[in-house]
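Asker: query.csv is reproduced in full below (CSV, N, CA and C atoms and all ligand atoms).
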```
chain,number,residue,atom,x,y,z
A,1,MET,N,37.9,76.2,-6.4
A,1,MET,CA,38.1,75.6,-5.1
A,1,MET,C,37.2,76.2,-4.0
A,2,GLU,N,37.1,77.6,-4.1
A,2,GLU,CA,36.2,78.2,-3.2
A,2,GLU,C,34.8,77.7,-3.2
A,3,ILE,N,34.3,77.5,-4.4
A,3,ILE,CA,32.9,77.0,-4.6
A,3,ILE,C,32.7,75.6,-4.0
A,4,VAL,N,33.7,74.8,-4.2
A,4,VAL,CA,33.6,73.4,-3.6
A,4,VAL,C,33.5,73.5,-2.1
A,5,SER,N,34.4,74.3,-1.5
A,5,SER,CA,34.4,74.3,0.0
A,5,SER,C,33.0,74.9,0.5
A,6,GLN,N,32.5,75.9,-0.2
A,6,GLN,CA,31.2,76.5,0.2
A,6,GLN,C,30.1,75.5,0.2
A,7,SER,N,30.0,74.7,-0.9
A,7,SER,CA,28.9,73.8,-1.0
A,7,SER,C,29.0,72.7,0.1
A,8,SER,N,30.2,72.3,0.4
A,8,SER,CA,30.3,71.3,1.5
A,8,SER,C,29.9,71.8,2.8
A,9,ASP,N,30.2,73.1,3.1
A,9,ASP,CA,29.7,73.8,4.3
A,9,ASP,C,28.2,73.8,4.4
A,10,GLU,N,27.6,74.1,3.2
A,10,GLU,CA,26.1,74.1,3.2
A,10,GLU,C,25.6,72.7,3.6
A,11,LYS,N,26.2,71.7,3.0
A,11,LYS,CA,25.7,70.4,3.3
A,11,LYS,C,25.7,70.1,4.8
A,12,ILE,N,26.8,70.5,5.4
A,12,ILE,CA,27.0,70.2,6.9
A,12,ILE,C,25.8,70.9,7.7
A,13,GLN,N,25.6,72.2,7.2
A,13,GLN,CA,24.5,72.9,7.9
A,13,GLN,C,23.2,72.2,7.7
A,14,GLU,N,22.9,71.8,6.5
A,14,GLU,CA,21.6,71.1,6.3
A,14,GLU,C,21.4,69.9,7.2
A,15,LYS,N,22.5,69.2,7.3
A,15,LYS,CA,22.5,67.9,8.0
A,15,LYS,C,22.1,68.2,9.5
A,16,SER,N,22.8,69.2,10.1
A,16,SER,CA,22.6,69.4,11.5
A,16,SER,C,21.2,70.0,11.7
A,17,GLU,N,20.6,70.7,10.8
A,17,GLU,CA,19.2,71.2,10.9
A,17,GLU,C,18.3,70.0,10.9
A,18,ASN,N,18.5,69.0,10.0
A,18,ASN,CA,17.7,67.9,10.0
A,18,ASN,C,17.7,67.1,11.3
A,19,GLU,N,18.9,67.0,11.9
A,19,GLU,CA,19.0,66.2,13.1
A,19,GLU,C,18.2,66.9,14.3
A,20,SER,N,18.3,68.2,14.4
A,20,SER,CA,17.6,68.9,15.5
A,20,SER,C,16.1,68.9,15.3
A,21,LYS,N,15.7,68.9,14.0
A,21,LYS,CA,14.2,68.9,13.7
A,21,LYS,C,13.8,67.6,13.0
A,22,PRO,N,13.5,66.6,13.7
A,22,PRO,CA,13.2,65.4,13.0
A,22,PRO,C,12.0,65.6,12.1
A,23,GLU,N,12.1,65.0,11.0
A,23,GLU,CA,11.0,65.2,10.0
A,23,GLU,C,9.7,64.4,10.4
A,24,ILE,N,8.6,65.1,10.3
A,24,ILE,CA,7.4,64.4,10.7
A,24,ILE,C,6.9,63.6,9.6
A,25,LYS,N,6.7,62.4,9.8
A,25,LYS,CA,6.3,61.5,8.7
A,25,LYS,C,4.8,61.1,8.9
A,26,TYR,N,4.2,61.0,7.8
A,26,TYR,CA,2.7,60.7,7.8
A,26,TYR,C,2.5,59.3,7.1
A,27,PHE,N,1.6,58.6,7.7
A,27,PHE,CA,1.1,57.4,7.1
A,27,PHE,C,-0.2,57.7,6.4
A,28,LYS,N,-0.3,57.2,5.2
A,28,LYS,CA,-1.5,57.5,4.4
A,28,LYS,C,-2.1,56.1,4.0
A,29,CYS,N,-3.3,55.9,4.3
A,29,CYS,CA,-4.0,54.7,3.9
A,29,CYS,C,-4.4,54.8,2.4
A,30,CYS,N,-4.3,53.8,1.6
A,30,CYS,CA,-4.6,53.8,0.2
A,30,CYS,C,-6.1,53.6,0.0
A,31,VAL,N,-6.8,53.2,1.1
A,31,VAL,CA,-8.3,52.9,0.9
A,31,VAL,C,-9.1,54.0,1.6
A,32,CYS,N,-8.9,54.3,2.8
A,32,CYS,CA,-9.7,55.3,3.5
A,32,CYS,C,-8.9,56.7,3.6
A,33,ILE,N,-9.4,57.6,4.3
A,33,ILE,CA,-8.8,58.9,4.3
A,33,ILE,C,-7.8,59.1,5.4
A,34,LEU,N,-7.5,58.0,6.1
A,34,LEU,CA,-6.6,58.1,7.3
A,34,LEU,C,-5.2,58.7,6.9
A,35,ASN,N,-4.8,59.7,7.6
A,35,ASN,CA,-3.5,60.4,7.3
A,35,ASN,C,-3.0,60.7,8.7
A,36,GLU,N,-2.2,59.8,9.2
A,36,GLU,CA,-1.8,59.9,10.6
A,36,GLU,C,-0.2,60.0,10.8
A,37,LYS,N,0.2,60.8,11.7
A,37,LYS,CA,1.6,60.9,12.0
A,37,LYS,C,2.1,59.5,12.6
A,38,TYR,N,3.2,59.0,12.1
A,38,TYR,CA,3.7,57.8,12.6
A,38,TYR,C,5.1,58.0,13.1
A,39,GLU,N,5.5,57.1,14.1
A,39,GLU,CA,6.8,57.3,14.7
A,39,GLU,C,7.9,56.3,14.2
A,40,TYR,N,7.5,55.2,13.7
A,40,TYR,CA,8.4,54.2,13.4
A,40,TYR,C,7.9,53.3,12.3
A,41,PHE,N,8.7,53.0,11.3
A,41,PHE,CA,8.3,52.0,10.3
A,41,PHE,C,9.3,50.8,10.4
A,42,GLY,N,8.9,49.6,10.6
A,42,GLY,CA,9.8,48.5,10.6
A,42,GLY,C,9.2,47.4,11.4
A,43,LYS,N,10.1,46.5,11.9
A,43,LYS,CA,9.6,45.3,12.6
A,43,LYS,C,9.8,45.4,14.1
A,44,SER,N,10.8,46.2,14.5
A,44,SER,CA,11.1,46.2,16.0
A,44,SER,C,11.3,47.6,16.4
A,45,PRO,N,10.2,48.3,16.9
A,45,PRO,CA,10.3,49.7,17.3
A,45,PRO,C,11.3,49.8,18.5
A,46,PRO,N,12.1,50.8,18.5
A,46,PRO,CA,13.1,51.0,19.5
A,46,PRO,C,12.6,50.9,21.0
A,47,TRP,N,11.4,51.4,21.2
A,47,TRP,CA,10.9,51.5,22.6
A,47,TRP,C,10.2,50.2,23.0
A,48,VAL,N,10.1,49.2,22.1
A,48,VAL,CA,9.5,47.9,22.5
A,48,VAL,C,10.5,46.9,22.6
A,49,ARG,N,10.6,46.2,23.7
A,49,ARG,CA,11.6,45.2,24.0
A,49,ARG,C,11.0,43.8,23.7
A,50,ASP,N,11.9,42.9,23.3
A,50,ASP,CA,11.6,41.5,23.2
A,50,ASP,C,10.3,41.3,22.3
A,51,TYR,N,10.1,42.1,21.4
A,51,TYR,CA,9.0,41.8,20.5
A,51,TYR,C,9.4,42.2,19.1
A,52,LYS,N,9.0,41.3,18.2
A,52,LYS,CA,9.3,41.6,16.8
A,52,LYS,C,8.1,41.3,16.0
A,53,LEU,N,7.7,42.3,15.1
A,53,LEU,CA,6.5,42.1,14.3
A,53,LEU,C,6.8,41.1,13.2
A,54,GLU,N,5.8,40.6,12.6
A,54,GLU,CA,5.9,39.6,11.5
A,54,GLU,C,6.2,40.3,10.2
A,55,GLU,N,5.8,41.6,10.1
A,55,GLU,CA,6.0,42.3,8.9
A,55,GLU,C,6.3,43.8,9.2
A,56,ASP,N,6.9,44.5,8.3
A,56,ASP,CA,7.2,45.9,8.5
A,56,ASP,C,5.8,46.6,8.7
A,57,ALA,N,5.8,47.5,9.7
A,57,ALA,CA,4.5,48.2,9.9
A,57,ALA,C,4.8,49.6,10.4
A,58,TYR,N,3.7,50.4,10.2
A,58,TYR,CA,3.8,51.8,10.7
A,58,TYR,C,3.3,51.8,12.1
A,59,ILE,N,4.1,52.3,13.0
A,59,ILE,CA,3.8,52.2,14.4
A,59,ILE,C,3.9,53.5,15.2
A,60,ILE,N,3.0,53.7,16.1
A,60,ILE,CA,3.0,54.8,17.0
A,60,ILE,C,3.0,54.3,18.5
A,61,GLU,N,3.5,55.1,19.4
A,61,GLU,CA,3.3,54.7,20.8
A,61,GLU,C,1.8,54.9,21.2
A,62,ASP,N,1.3,54.0,22.0
A,62,ASP,CA,-0.1,54.0,22.4
A,62,ASP,C,-0.4,55.4,23.0
A,63,PRO,N,-1.3,56.2,22.3
A,63,PRO,CA,-1.5,57.5,22.8
A,63,PRO,C,-2.4,57.5,24.1
A,64,PHE,N,-3.0,56.4,24.5
A,64,PHE,CA,-3.8,56.3,25.7
A,64,PHE,C,-3.1,55.9,26.9
A,65,LEU,N,-1.8,55.6,26.8
A,65,LEU,CA,-1.0,55.2,27.9
A,65,LEU,C,0.2,56.1,28.1
A,66,PRO,N,0.7,56.2,29.3
A,66,PRO,CA,1.9,57.0,29.5
A,66,PRO,C,3.0,56.5,28.6
A,67,PRO,N,3.9,57.4,28.1
A,67,PRO,CA,4.9,57.0,27.2
A,67,PRO,C,6.0,56.1,27.8
A,68,LYS,N,6.7,55.5,27.0
A,68,LYS,CA,7.8,54.6,27.3
A,68,LYS,C,7.4,53.4,28.2
A,69,ARG,N,6.2,52.9,27.9
A,69,ARG,CA,5.7,51.7,28.6
A,69,ARG,C,5.8,50.5,27.7
A,70,GLY,N,6.3,50.8,26.5
A,70,GLY,CA,6.5,49.6,25.6
A,70,GLY,C,5.2,49.2,24.9
A,71,GLU,N,4.1,50.0,25.1
A,71,GLU,CA,2.9,49.7,24.4
A,71,GLU,C,2.9,50.5,23.0
A,72,PHE,N,2.3,49.9,22.1
A,72,PHE,CA,2.3,50.6,20.8
A,72,PHE,C,1.0,50.2,20.0
A,73,LEU,N,0.7,51.0,19.0
A,73,LEU,CA,-0.4,50.8,18.1
A,73,LEU,C,0.2,50.6,16.7
A,74,ILE,N,-0.4,49.7,16.0
A,74,ILE,CA,0.0,49.5,14.6
A,74,ILE,C,-1.0,50.3,13.7
A,75,LEU,N,-0.5,51.3,13.0
A,75,LEU,CA,-1.4,52.0,12.2
A,75,LEU,C,-1.7,51.3,10.9
A,76,GLY,N,-0.7,50.7,10.3
A,76,GLY,CA,-0.9,50.0,9.1
A,76,GLY,C,0.4,49.3,8.6
A,77,ALA,N,0.3,48.7,7.4
A,77,ALA,CA,1.4,48.1,6.8
A,77,ALA,C,1.3,48.2,5.3
A,78,HIS,N,2.2,47.6,4.6
A,78,HIS,CA,2.1,47.6,3.1
A,78,HIS,C,1.4,46.3,2.6
A,79,CYS,N,0.6,46.5,1.6
A,79,CYS,CA,-0.1,45.4,1.0
A,79,CYS,C,0.9,44.5,0.3
A,80,VAL,N,0.9,43.2,0.6
A,80,VAL,CA,1.9,42.3,0.0
A,80,VAL,C,1.7,42.1,-1.5
A,81,LYS,N,0.6,42.5,-2.1
A,81,LYS,CA,0.3,42.4,-3.5
A,81,LYS,C,0.7,43.6,-4.2
A,82,CYS,N,0.1,44.8,-3.9
A,82,CYS,CA,0.3,46.0,-4.7
A,82,CYS,C,1.3,46.9,-4.0
A,83,GLY,N,1.7,46.6,-2.8
A,83,GLY,CA,2.7,47.4,-2.1
A,83,GLY,C,2.3,48.8,-1.5
A,84,LEU,N,1.0,49.1,-1.7
A,84,LEU,CA,0.5,50.4,-1.1
A,84,LEU,C,0.3,50.3,0.4
A,85,ALA,N,0.4,51.4,1.0
A,85,ALA,CA,0.2,51.4,2.5
A,85,ALA,C,-1.3,51.4,2.8
A,86,VAL,N,-1.6,50.5,3.7
A,86,VAL,CA,-3.0,50.4,4.1
A,86,VAL,C,-3.1,50.3,5.6
A,87,CYS,N,-4.2,50.9,6.1
A,87,CYS,CA,-4.4,50.9,7.6
A,87,CYS,C,-5.0,49.6,8.1
A,88,LYS,N,-5.0,49.4,9.4
A,88,LYS,CA,-5.5,48.2,10.0
A,88,LYS,C,-7.0,48.1,10.2
A,89,ASP,N,-7.7,49.1,9.7
A,89,ASP,CA,-9.2,49.0,9.8
A,89,ASP,C,-9.7,47.8,9.0
A,90,THR,N,-10.7,47.1,9.6
A,90,THR,CA,-11.1,45.9,8.9
A,90,THR,C,-11.7,46.2,7.5
A,91,ASN,N,-12.1,47.4,7.3
A,91,ASN,CA,-12.7,47.7,6.0
A,91,ASN,C,-11.6,48.1,5.0
A,92,CYS,N,-10.4,48.2,5.4
A,92,CYS,CA,-9.3,48.7,4.6
A,92,CYS,C,-8.3,47.5,4.3
A,93,SER,N,-8.0,46.7,5.2
A,93,SER,CA,-7.0,45.6,5.0
A,93,SER,C,-7.5,44.3,5.5
A,94,PHE,N,-6.9,43.3,5.1
A,94,PHE,CA,-7.2,41.9,5.5
A,94,PHE,C,-5.9,41.2,5.7
A,95,TYR,N,-5.9,40.5,6.8
A,95,TYR,CA,-4.6,39.8,7.1
A,95,TYR,C,-4.7,38.3,6.9
A,96,TYR,N,-4.0,37.8,6.0
A,96,TYR,CA,-3.8,36.4,5.8
A,96,TYR,C,-2.4,36.1,5.4
A,97,ILE,N,-1.6,35.6,6.3
A,97,ILE,CA,-0.1,35.4,6.1
A,97,ILE,C,0.6,36.8,6.0
A,98,GLY,N,0.0,37.6,5.2
A,98,GLY,CA,0.5,39.0,5.2
A,98,GLY,C,-0.6,40.0,5.1
A,99,THR,N,-0.3,41.3,5.1
A,99,THR,CA,-1.4,42.2,5.0
A,99,THR,C,-1.7,42.5,3.5
A,100,TYR,N,-3.0,42.4,3.2
A,100,TYR,CA,-3.5,42.7,1.9
A,100,TYR,C,-4.4,44.0,2.0
A,101,CYS,N,-4.3,44.9,1.0
A,101,CYS,CA,-5.3,45.9,1.0
A,101,CYS,C,-6.6,45.2,0.6
A,102,ILE,N,-7.8,45.8,0.9
A,102,ILE,CA,-9.0,45.1,0.8
A,102,ILE,C,-9.3,44.8,-0.7
A,103,LYS,N,-8.8,45.7,-1.6
A,103,LYS,CA,-9.0,45.5,-3.0
A,103,LYS,C,-8.3,44.3,-3.5
A,104,CYS,N,-7.0,44.1,-3.1
A,104,CYS,CA,-6.2,43.0,-3.5
A,104,CYS,C,-6.7,41.7,-2.9
A,105,ALA,N,-7.2,41.8,-1.6
A,105,ALA,CA,-7.7,40.7,-0.9
A,105,ALA,C,-8.9,40.1,-1.7
A,106,LYS,N,-9.8,41.0,-2.1
A,106,LYS,CA,-11.0,40.6,-2.8
A,106,LYS,C,-10.6,40.0,-4.2
A,107,GLN,N,-9.6,40.6,-4.8
A,107,GLN,CA,-9.2,40.1,-6.1
A,107,GLN,C,-8.6,38.7,-6.1
A,108,CYS,N,-7.8,38.4,-5.0
A,108,CYS,CA,-7.2,37.1,-5.0
A,108,CYS,C,-7.8,36.2,-3.9
A,109,SER,N,-9.1,36.5,-3.6
A,109,SER,CA,-9.7,35.7,-2.5
A,109,SER,C,-9.8,34.2,-2.9
A,110,LYS,N,-9.8,33.9,-4.2
A,110,LYS,CA,-9.8,32.5,-4.6
A,110,LYS,C,-8.6,31.7,-4.2
A,111,GLU,N,-7.5,32.4,-3.9
A,111,GLU,CA,-6.3,31.7,-3.5
A,111,GLU,C,-6.3,31.4,-2.0
A,112,PHE,N,-7.3,32.0,-1.3
A,112,PHE,CA,-7.4,31.8,0.2
A,112,PHE,C,-8.2,30.5,0.5
A,113,PRO,N,-7.9,29.9,1.6
A,113,PRO,CA,-8.8,28.8,2.1
A,113,PRO,C,-10.2,29.2,2.2
A,114,ASN,N,-11.2,28.3,2.2
A,114,ASN,CA,-12.6,28.6,2.2
A,114,ASN,C,-13.0,29.4,3.5
A,115,ALA,N,-12.5,29.0,4.6
A,115,ALA,CA,-12.8,29.7,5.8
A,115,ALA,C,-12.4,31.2,5.8
A,116,VAL,N,-11.3,31.4,5.2
A,116,VAL,CA,-10.7,32.8,5.0
A,116,VAL,C,-11.6,33.6,4.0
A,117,GLN,N,-12.0,32.9,2.9
A,117,GLN,CA,-12.8,33.5,1.9
A,117,GLN,C,-14.2,34.0,2.5
A,118,GLU,N,-14.7,33.1,3.4
A,118,GLU,CA,-16.0,33.4,4.0
A,118,GLU,C,-15.9,34.7,4.8
A,119,LYS,N,-14.8,34.7,5.6
A,119,LYS,CA,-14.6,35.9,6.4
A,119,LYS,C,-14.4,37.2,5.5
A,120,LEU,N,-13.7,37.0,4.5
A,120,LEU,CA,-13.5,38.1,3.5
A,120,LEU,C,-14.8,38.6,2.8
A,121,ASN,N,-15.6,37.6,2.5
A,121,ASN,CA,-16.9,37.9,1.8
A,121,ASN,C,-17.8,38.8,2.7
A,122,ARG,N,-17.6,38.7,4.0
A,122,ARG,CA,-18.5,39.5,4.9
A,122,ARG,C,-18.0,41.0,4.9
A,123,ILE,N,-16.9,41.3,4.4
A,123,ILE,CA,-16.4,42.7,4.3
A,123,ILE,C,-16.9,43.3,3.0
A,124,ILE,N,-17.6,44.4,3.2
A,124,ILE,CA,-18.2,45.1,2.0
A,124,ILE,C,-17.3,46.2,1.7
A,125,VAL,N,-16.8,46.2,0.4
A,125,VAL,CA,-15.9,47.2,0.0
A,125,VAL,C,-16.7,48.4,-0.5
A,126,PRO,N,-16.4,49.6,0.1
A,126,PRO,CA,-17.1,50.8,-0.5
A,126,PRO,C,-16.6,51.1,-1.8
A,127,LEU,N,-17.5,51.5,-2.7
A,127,LEU,CA,-17.1,51.9,-4.1
A,127,LEU,C,-16.6,53.3,-4.2
Z,201,ZN,ZN,-7.7,52.8,5.9
Z,202,ZN,ZN,-3.1,45.8,-2.5
```
So that I can check it, write out the structure of this file as structure tokens.
Ligand SMILES: [Zn+2]
Ligand SMILES: [Zn+2]

Answerer:
Amino acid sequence: MEIVSQSSDEKIQEKSENESKPEIKYFKCCVCILNEKYEYFGKSPPWVRDYKLEEDAYIIEDPFLPPKRGEFLILGAHCVKCGLAVCKDTNCSFYYIGTYCIKCAKQCSKEFPNAVQEKLNRIIVPL
């Protein structure tokens, strides 16, 4: 019985530590070397009102503006094909209905309309 009560006490301590020190989460792009701290992942960041994103995205408050202005930057999202996180750099991801990493976009470019394919063909994928 003593052991049980001890372990539950430990759990409570762990929990309160986590609450006081929020874990820093990093967004990593699967194409480039971007490795950036992000503040929110989802469709509606808590500090942005009346706006909902079309897809779950990694978001930070705009670092060039004073905080709590409701401005934000989208770091990246998950590729709809392979599910890997990819940044919004034009050389890393391609947006057509959803976010594609550039590798998947190139692979399934034939499924896209011609105008979209042309746009995609102008992006050169580094090897
Ligand atoms: Zn990237
Ligand atoms: Zn992909």

Asker: Taking all atoms listed in the file into account, produce a table as CSV in which each residue of chain A with an atom at most 8 Å from an atom of ligand ZN 202 (chain Z) appears once, together with its shortest atom pair and the distance in Å to one decimal, ordered by chain and rising number.

Answerer:
```
residue,atom,partner,partner_atom,distance
A:His78,C,Z:ZN202,ZN,6.8
A:Cys79,CA,Z:ZN202,ZN,4.6
A:Val80,N,Z:ZN202,ZN,5.7
A:Lys81,C,Z:ZN202,ZN,4.7
A:Cys82,N,Z:ZN202,ZN,3.6
A:Gly83,N,Z:ZN202,ZN,4.9
A:Leu84,N,Z:ZN202,ZN,5.3
A:Ala85,N,Z:ZN202,ZN,7.5
A:Val86,N,Z:ZN202,ZN,7.9
A:Thr99,C,Z:ZN202,ZN,7.0
A:Tyr100,C,Z:ZN202,ZN,5.0
A:Cys101,N,Z:ZN202,ZN,3.8
A:Ile102,N,Z:ZN202,ZN,5.8
A:Lys103,C,Z:ZN202,ZN,5.5
A:Cys104,CA,Z:ZN202,ZN,4.3
A:Ala105,N,Z:ZN202,ZN,5.8
```

Asker: Name all residues at most 8 Å from A:Ile74 (count all atoms listed in the file; drop same-chain ones fewer than 6 positions away) and give them as a ChimeraX atom specification.

Answerer: /A:57-62,87-89

Asker: Dump as number ranges by chain all residues having an atom at most 6.5 Å from (-8.5, 52.4, 2.4), computed in the file's coordinates with all atoms listed in the file.

Answerer: A: 29-33, 86-87, 91-93

Asker: Quick one, how far is atom CA of A:Glu54 from atom C of A:Ala77?

Answerer: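 Separating atom CA of A:Glu54 from atom C of A:Ala77 is a distance of 11.6 Å.
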
Asker: Between A:Val48, A:Asn35, A:Lys25, A:Ile123, which has the minimum distance to ligand ZN 201 (chain Z) (counting only N, CA and C atoms and all ligand atoms)?

Answerer: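 Looking at the shortest contact to ligand ZN 201 (chain Z), the residue is A:Asn35.
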
Asker: Around the point (1.2, 62.1, 14.4) (coordinates from the file), which residues reach within 7 Å if we count only N, CA and C atoms? Answer as a PyMOL selection string.

Answerer: chain A and resi 25-26+36-39

Asker: For atom CA of A:Gly76 and atom CA of A:Gly42, determine how far apart the two atoms are, in Å to one decimal place.

Answerer: 10.9 Å

Asker: Calculated over only C-alpha atoms and all ligand atoms, which of the candidates A:Leu65, A:Val125, A:Ile24, A:Ile97 has the smallest distance to ligand ZN 201 (chain Z)?

Answerer: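 Among A:Leu65, A:Val125, A:Ile24, A:Ile97, it is A:Val125 that comes nearest to ligand ZN 201 (chain Z).
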
Asker: Expressed in Å to a single decimal, how great is the separation between atom CA of A:Asp56 and atom CA of A:Glu71?

Answerer: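 Pair atom CA of A:Asp56 / atom CA of A:Glu71 returns 16.9 Å.
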
Asker: Write down as a list in words the residues of stretch 41-121 of chain A whose backbone DSSP state falls under helix (DSSP H, G or I).

Answerer: Ile102, Lys103, Cys104, Ala105, Lys106, Gln107, Ser109, Lys110, Glu111, Asn114, Ala115, Val116, Gln117, Glu118, Lys119, Leu120 and Asn121 of chain A

Asker: Compare A:Ile124, A:Trp47, A:Glu55, A:Leu73 by their minimum atom-to-atom distance to A:Tyr96, counting only C-alpha atoms, and give me the closest one.

Answerer: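 Among A:Ile124, A:Trp47, A:Glu55, A:Leu73, it is A:Glu55 that comes nearest to A:Tyr96.
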
Asker: Of the residues A:Pro45, A:Thr90, A:Glu23, A:Asp50, which is the one nearest to ligand ZN 201 (chain Z), using all atoms listed in the file?

Answerer: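 Checking each of A:Pro45, A:Thr90, A:Glu23, A:Asp50 against ligand ZN 201 (chain Z), counting all atoms listed in the file, the winner is A:Thr90.
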